[in-house]
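The structure appears right after this line, and notes come after that.
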Amino acid sequence: MPALLDVERARGRLAGVARVTPVYGSETLSRLAGREVHLKAENLQRTGSFKIRGAVNRLALLADDERAAGVVAASAGNHAQAVAWAARQAGVRATIFVPRDAAMAKVEAAKGYGADVRMIGETLESAVDEARRHVGETGATFVHPYEDEAVVAGQGTIGLELAEQLPDAKVVVVPIGGGGLAAGIALALRAVAPGTKLIGVRAAPDAFALADGIAVKSPGEMTGSLLADLLDDVVDVSADAIAQAIVLLLERTKLLVEGAGAVGVAALLAGNVSGTGSAAAVLSGGNIDASTLIQVMRYAVTAAGRHLVVRTFVPDRPGELLKLLQLVAEERVNVLSVEHRREGVDIPVGATGIDLTLLTRDEEHCEGLLRQMREWGYEVERLR
């Protein structure tokens with residue numbers, strides 16, 4: 001098992017390489033969570049996530065013959081980028097195995113850092129299996145994303161920074177996937193700030209596609225053992241809560257995070273984090289795929305009542321659609337899209353189905369507009 005001394009030595013190796021990432025307070029998040037909230041912005045770390053810490057520390061410990069044989073990693077994306085970047089800096093050849101459905105933004109970044117990236121299997125576990133077979137064939141060193149003492153020690157340097165940056169924090173909230181990040185931070189904080197409450201946050205099964213960086217069935221044997229001893233509690237958050245946290249962070253703090261990076265904030269906003277006093281959430285990464293971000297934004301703004309999608313009918317004659325749109329415009333509502341539906345068993349004879357996507361302020365505004373449309377005489381069905 002890694003110890004505090006390993007974390008402190010890792011910090012020395014990372015000096016001038018990994019960034020000491022900033023901590024930000026947020027009045028909005030504090031108000032919504034009902035407690036003071038600070039954000040450890042590892043999304044601003046090199047390669048866009050905390051993973052660079054463990055990868056650099058692991059490669060720094062390679063012997064000459066190991067460097068010559070190269071390194072191998074398996075990852076859904078962030079670890080892949082980190083190993084690729086660290087290998088390039090160290091002048092070491094890197095081969096990376098990723099699941100076929102890994103976010104392309106992360107895959108392309110790893111390729112850009114010079115790694116040989118191979119897309120294998122449907123899960124991270126299958127990519128790990130293939131990576132180990134490659135190690136057996138080539139003699140390369142396998143850099144595990146979390147079941148490695150040097151990797152855990154590297155991630156633990158975040159804990160040392162937190163203890164210095166937020167000495168009065170009562171609670172630290174950390175994402176859990178394979179457990180390397182949470183284990184490293186918990187190991188460091190238990191040693192230097194033993195009174196801090198440590199909460200791990202997992203993505204619920206419905207959120208695995210959104211929080212792909214922590215879409216792991218369970219922590220590893222070593223990390224799991226550490227977490228069982230060091231964490232005060234573990235909570236789960238849903239896809240809906242994560243999506244809302246991503247949008248809120250982007251709008252209110254101007255910090256772009258991926259799903260895995262938002263789980264701590266999601267847990268705080270959902271009231272899942274026990275205890276009182278100031279809390280620090282680790283934003284573990286910001287490498288969200290652009291298409292995923294678009295989907296999240298659409299979903300979250302609709303859930304917040306800022307997009308209203310309705311279905312109604314108008315007589316199938318000239319001027320009726322214009323009449324409806326003019327009425328909506330008089331309510332100071334912007335129309336984002338209009339779709340005609342002229343076929344279907346649910347459309348009355350002599351009518352045209354109309355789907356409207358409207359820009360609204362909040363849920364109260366949505367309900368008011370629905371009532372107003374019914375008062376105008378329209379049959380209205382809310383779709384989203």
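Identifiers for the structure tokens are assigned positionally: chains receive A, B, ... in sequence, residues are indexed from 1 per chain, and ligands are indexed from 1 in the order shown.
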Residues of segment 212-313 of chain A that approach segment 103-125 of chain A to 10 Å or less, counting only C-alpha atoms: could you list each one with the shortest pair of atoms and its distance in Å to one decimal, rows by chain and increasing residue number, as JSON lines?
```
{"residue": "A:Asp212", "atom": "CA", "partner": "A:Ala103", "partner_atom": "CA", "distance": 8.2}
{"residue": "A:Gly213", "atom": "CA", "partner": "A:Ala103", "partner_atom": "CA", "distance": 9.5}
{"residue": "A:Ala215", "atom": "CA", "partner": "A:Leu124", "partner_atom": "CA", "distance": 8.2}
{"residue": "A:Val216", "atom": "CA", "partner": "A:Leu124", "partner_atom": "CA", "distance": 7.3}
{"residue": "A:Lys217", "atom": "CA", "partner": "A:Glu125", "partner_atom": "CA", "distance": 9.0}
{"residue": "A:Asn287", "atom": "CA", "partner": "A:Lys106", "partner_atom": "CA", "distance": 6.7}
{"residue": "A:Ile288", "atom": "CA", "partner": "A:Ala105", "partner_atom": "CA", "distance": 7.3}
{"residue": "A:Asp289", "atom": "CA", "partner": "A:Ala105", "partner_atom": "CA", "distance": 5.4}
{"residue": "A:Ala290", "atom": "CA", "partner": "A:Ala105", "partner_atom": "CA", "distance": 7.8}
{"residue": "A:Ser291", "atom": "CA", "partner": "A:Ala103", "partner_atom": "CA", "distance": 9.5}
{"residue": "A:Thr292", "atom": "CA", "partner": "A:Ala103", "partner_atom": "CA", "distance": 8.8}
```
Exercise: segment 156-163 of chain A partners within 8 Å, only C-alpha atoms, chain neighbours under 6 positions left out, as a ChimeraX atom specification: /A:7-8,10-11,20,40,53,181,183-189,192-193
Can you write out the residues you just picked, keeping N, CA and C atoms, as a CSV table (one decimal), in the first residue's frame?
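As a result, part.csv now contains:
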```csv
chain,number,residue,atom,x,y,z
A,7,VAL,N,3.5,9.8,-1.3
A,7,VAL,CA,2.8,11.0,-1.9
A,7,VAL,C,3.7,12.2,-1.9
A,8,GLU,N,4.4,12.4,-0.8
A,8,GLU,CA,5.3,13.5,-0.7
A,8,GLU,C,6.4,13.4,-1.7
A,10,ALA,N,6.2,11.9,-4.6
A,10,ALA,CA,5.5,12.1,-5.9
A,10,ALA,C,5.4,13.6,-6.1
A,11,ARG,N,5.1,14.3,-5.1
A,11,ARG,CA,4.9,15.8,-5.2
A,11,ARG,C,6.3,16.4,-5.7
A,20,VAL,N,-0.2,23.1,-10.0
A,20,VAL,CA,-1.0,23.2,-8.7
A,20,VAL,C,-2.3,23.9,-9.0
A,40,LYS,N,-12.0,22.4,-6.5
A,40,LYS,CA,-10.7,22.1,-6.8
A,40,LYS,C,-10.6,21.8,-8.3
A,53,ARG,N,-1.0,13.4,-13.0
A,53,ARG,CA,-0.2,13.3,-11.7
A,53,ARG,C,0.3,11.9,-11.6
A,181,LEU,N,-8.0,8.0,-7.6
A,181,LEU,CA,-8.1,9.4,-7.2
A,181,LEU,C,-8.6,9.5,-5.7
A,183,ALA,N,-8.6,7.2,-3.4
A,183,ALA,CA,-7.7,6.6,-2.5
A,183,ALA,C,-6.5,7.5,-2.2
A,184,GLY,N,-5.9,8.1,-3.3
A,184,GLY,CA,-4.8,8.9,-3.1
A,184,GLY,C,-5.1,10.2,-2.2
A,185,ILE,N,-6.2,10.8,-2.5
A,185,ILE,CA,-6.6,12.0,-1.8
A,185,ILE,C,-6.9,11.6,-0.3
A,186,ALA,N,-7.6,10.6,-0.1
A,186,ALA,CA,-7.9,10.1,1.2
A,186,ALA,C,-6.7,9.8,2.0
A,187,LEU,N,-5.8,9.1,1.4
A,187,LEU,CA,-4.5,8.7,2.0
A,187,LEU,C,-3.8,9.9,2.5
A,188,ALA,N,-3.7,11.0,1.7
A,188,ALA,CA,-3.0,12.2,2.0
A,188,ALA,C,-3.7,12.9,3.1
A,189,LEU,N,-5.0,13.1,3.0
A,189,LEU,CA,-5.8,13.9,3.9
A,189,LEU,C,-5.9,13.3,5.3
A,192,VAL,N,-2.5,14.3,6.9
A,192,VAL,CA,-2.2,15.7,7.2
A,192,VAL,C,-3.4,16.5,7.7
A,193,ALA,N,-4.6,16.0,7.5
A,193,ALA,CA,-5.8,16.7,8.0
A,193,ALA,C,-6.8,15.7,8.4
```
Just the residues within 7 Å of Gly25 of chain A, please, counting only C-alpha atoms, with nothing from its chain fewer than 2 positions along; format it as a list of chain:residue names.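 The neighbour list is A:Val23, A:Glu27, A:Val37, A:His38, A:Leu39.
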Please return as a ChimeraX atom specification: the residues of segment 90-320 of chain A that backbone DSSP assigns to helix (DSSP H, G or I). /A:90,104-112,124-138,149-165,180-192,205-207,212-214,221-230,239-253,259-269,290-303,320
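Minimum atom-to-atom distances from A:Ala280, A:Ile246, A:Ala84, A:Ala127 to Val172 of chain A were compared using only C-alpha atoms, and the lowest value belongs to A:Ala280.
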Can you tell me which residues surround Gly224 of chain A at a distance of at most 10 Å, considering only C-alpha atoms, apart from same-chain residues fewer than 4 positions away, and format the answer as a ChimeraX atom specification? /A:147,178-180,182-183,218-220,228-230
Go through A:Glu221, A:Glu375, A:Glu36, A:Asp240 one by one, measure the shortest atom-to-atom distance of each to Glu149 of chain A using only C-alpha atoms, and give the residue with the smallest value. A:Glu221
Please, what distance in Å, to one decimal, runs between atom CA of Val71 of chain A and atom CA of Arg19 of chain A?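 So the answer is 23.3 Å.
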So that I can check the secondary structure, give me every residue of segment 188-332 of chain A assigned strand (DSSP E or B) by backbone DSSP, as a count of residues only. 27
Which residues of segment 128-229 of chain A have any atom within 7 Å of an atom in segment 251-265 of chain A when counting only C-alpha atoms, and what is the closest pair of atoms for each, with the distance in Å to one decimal? Order the rows by chain and rising number and write it as JSON lines.
```
{"residue": "A:Val173", "atom": "CA", "partner": "A:Gly264", "partner_atom": "CA", "distance": 5.5}
{"residue": "A:Val174", "atom": "CA", "partner": "A:Gly264", "partner_atom": "CA", "distance": 6.0}
{"residue": "A:Pro175", "atom": "CA", "partner": "A:Gly264", "partner_atom": "CA", "distance": 6.3}
{"residue": "A:Val201", "atom": "CA", "partner": "A:Gly264", "partner_atom": "CA", "distance": 6.2}
{"residue": "A:Leu210", "atom": "CA", "partner": "A:Gly259", "partner_atom": "CA", "distance": 5.4}
{"residue": "A:Ala211", "atom": "CA", "partner": "A:Gly259", "partner_atom": "CA", "distance": 4.1}
{"residue": "A:Asp212", "atom": "CA", "partner": "A:Ala260", "partner_atom": "CA", "distance": 6.8}
{"residue": "A:Gly213", "atom": "CA", "partner": "A:Ala260", "partner_atom": "CA", "distance": 5.5}
{"residue": "A:Ile214", "atom": "CA", "partner": "A:Ala260", "partner_atom": "CA", "distance": 5.8}
```
Residues within 12 Å of Ala60 of chain A, please, as a ChimeraX atom specification. Count only C-alpha atoms; anything in the same chain fewer than 6 positions from it doesn't count. /A:9-14,17,52-54,66-67,71,83,86-87,89-92,143,150-151,154
Go ahead and dump the residues you just picked, N, CA and C atoms, as a PDB file, in the first residue's frame.
```
ATOM      1  N   ARG A   9       6.959  12.247  -1.936  1.00  0.00           N
ATOM      2  CA  ARG A   9       7.998  12.072  -2.960  1.00  0.00           C
ATOM      3  C   ARG A   9       7.428  12.314  -4.354  1.00  0.00           C
ATOM      4  N   ALA A  10       6.192  11.870  -4.568  1.00  0.00           N
ATOM      5  CA  ALA A  10       5.539  12.110  -5.859  1.00  0.00           C
ATOM      6  C   ALA A  10       5.403  13.607  -6.112  1.00  0.00           C
ATOM      7  N   ARG A  11       5.092  14.346  -5.068  1.00  0.00           N
ATOM      8  CA  ARG A  11       4.948  15.793  -5.228  1.00  0.00           C
ATOM      9  C   ARG A  11       6.255  16.413  -5.701  1.00  0.00           C
ATOM     10  N   GLY A  12       7.362  15.920  -5.208  1.00  0.00           N
ATOM     11  CA  GLY A  12       8.652  16.422  -5.665  1.00  0.00           C
ATOM     12  C   GLY A  12       8.889  16.129  -7.132  1.00  0.00           C
ATOM     13  N   ARG A  13       8.493  14.936  -7.578  1.00  0.00           N
ATOM     14  CA  ARG A  13       8.678  14.580  -8.989  1.00  0.00           C
ATOM     15  C   ARG A  13       7.777  15.394  -9.906  1.00  0.00           C
ATOM     16  N   LEU A  14       6.616  15.797  -9.389  1.00  0.00           N
ATOM     17  CA  LEU A  14       5.658  16.533 -10.206  1.00  0.00           C
ATOM     18  C   LEU A  14       5.908  18.038 -10.231  1.00  0.00           C
ATOM     19  N   VAL A  17       5.963  20.225 -13.355  1.00  0.00           N
ATOM     20  CA  VAL A  17       5.375  19.419 -14.437  1.00  0.00           C
ATOM     21  C   VAL A  17       3.853  19.479 -14.352  1.00  0.00           C
ATOM     22  N   ILE A  52      -2.737  13.175 -15.037  1.00  0.00           N
ATOM     23  CA  ILE A  52      -1.339  13.446 -15.351  1.00  0.00           C
ATOM     24  C   ILE A  52      -0.448  13.228 -14.142  1.00  0.00           C
ATOM     25  N   ARG A  53      -0.981  13.435 -12.953  1.00  0.00           N
ATOM     26  CA  ARG A  53      -0.187  13.293 -11.733  1.00  0.00           C
ATOM     27  C   ARG A  53       0.304  11.858 -11.560  1.00  0.00           C
ATOM     28  N   GLY A  54      -0.600  10.917 -11.630  1.00  0.00           N
ATOM     29  CA  GLY A  54      -0.213   9.525 -11.453  1.00  0.00           C
ATOM     30  C   GLY A  54       0.650   8.999 -12.586  1.00  0.00           C
ATOM     31  N   GLU A  66      13.083  -0.804 -18.754  1.00  0.00           N
ATOM     32  CA  GLU A  66      11.641  -0.600 -18.876  1.00  0.00           C
ATOM     33  C   GLU A  66      11.334   0.553 -19.821  1.00  0.00           C
ATOM     34  N   ARG A  67      12.121   1.595 -19.763  1.00  0.00           N
ATOM     35  CA  ARG A  67      11.925   2.718 -20.669  1.00  0.00           C
ATOM     36  C   ARG A  67      12.112   2.274 -22.116  1.00  0.00           C
ATOM     37  N   VAL A  71       5.681   1.662 -22.645  1.00  0.00           N
ATOM     38  CA  VAL A  71       4.604   1.506 -21.671  1.00  0.00           C
ATOM     39  C   VAL A  71       3.291   1.226 -22.387  1.00  0.00           C
ATOM     40  N   VAL A  83      -1.050   9.214 -19.909  1.00  0.00           N
ATOM     41  CA  VAL A  83       0.089   8.328 -20.182  1.00  0.00           C
ATOM     42  C   VAL A  83       0.761   8.727 -21.487  1.00  0.00           C
ATOM     43  N   ALA A  86       2.742  11.950 -20.725  1.00  0.00           N
ATOM     44  CA  ALA A  86       3.891  11.667 -19.867  1.00  0.00           C
ATOM     45  C   ALA A  86       4.960  10.874 -20.617  1.00  0.00           C
ATOM     46  N   ALA A  87       4.523   9.948 -21.469  1.00  0.00           N
ATOM     47  CA  ALA A  87       5.477   9.155 -22.251  1.00  0.00           C
ATOM     48  C   ALA A  87       6.218  10.027 -23.252  1.00  0.00           C
ATOM     49  N   GLN A  89       6.851  13.208 -22.942  1.00  0.00           N
ATOM     50  CA  GLN A  89       7.792  14.032 -22.191  1.00  0.00           C
ATOM     51  C   GLN A  89       9.017  13.233 -21.754  1.00  0.00           C
ATOM     52  N   ALA A  90       8.802  11.943 -21.469  1.00  0.00           N
ATOM     53  CA  ALA A  90       9.900  11.096 -20.986  1.00  0.00           C
ATOM     54  C   ALA A  90      10.656  10.422 -22.121  1.00  0.00           C
ATOM     55  N   GLY A  91      10.187  10.581 -23.365  1.00  0.00           N
ATOM     56  CA  GLY A  91      10.841   9.933 -24.493  1.00  0.00           C
ATOM     57  C   GLY A  91      10.628   8.439 -24.523  1.00  0.00           C
ATOM     58  N   VAL A  92       9.440   8.000 -24.098  1.00  0.00           N
ATOM     59  CA  VAL A  92       9.112   6.578 -24.007  1.00  0.00           C
ATOM     60  C   VAL A  92       7.963   6.256 -24.954  1.00  0.00           C
ATOM     61  N   VAL A 143       0.877   0.410 -17.253  1.00  0.00           N
ATOM     62  CA  VAL A 143       0.571   1.504 -16.327  1.00  0.00           C
ATOM     63  C   VAL A 143      -0.931   1.447 -16.054  1.00  0.00           C
ATOM     64  N   ALA A 150       2.343   3.789  -7.390  1.00  0.00           N
ATOM     65  CA  ALA A 150       2.892   5.072  -7.842  1.00  0.00           C
ATOM     66  C   ALA A 150       1.810   5.964  -8.430  1.00  0.00           C
ATOM     67  N   VAL A 151       0.843   5.365  -9.114  1.00  0.00           N
ATOM     68  CA  VAL A 151      -0.271   6.142  -9.668  1.00  0.00           C
ATOM     69  C   VAL A 151      -1.112   6.727  -8.543  1.00  0.00           C
ATOM     70  N   GLY A 154       0.675   9.578  -6.898  1.00  0.00           N
ATOM     71  CA  GLY A 154       0.619  10.793  -7.712  1.00  0.00           C
ATOM     72  C   GLY A 154      -0.700  11.519  -7.559  1.00  0.00           C
TER      73      GLY A 154
END
```
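With atom CA of Ile176 of chain A on one side and atom CA of Ala203 of chain A on the other, the separation reads 8.0 Å.
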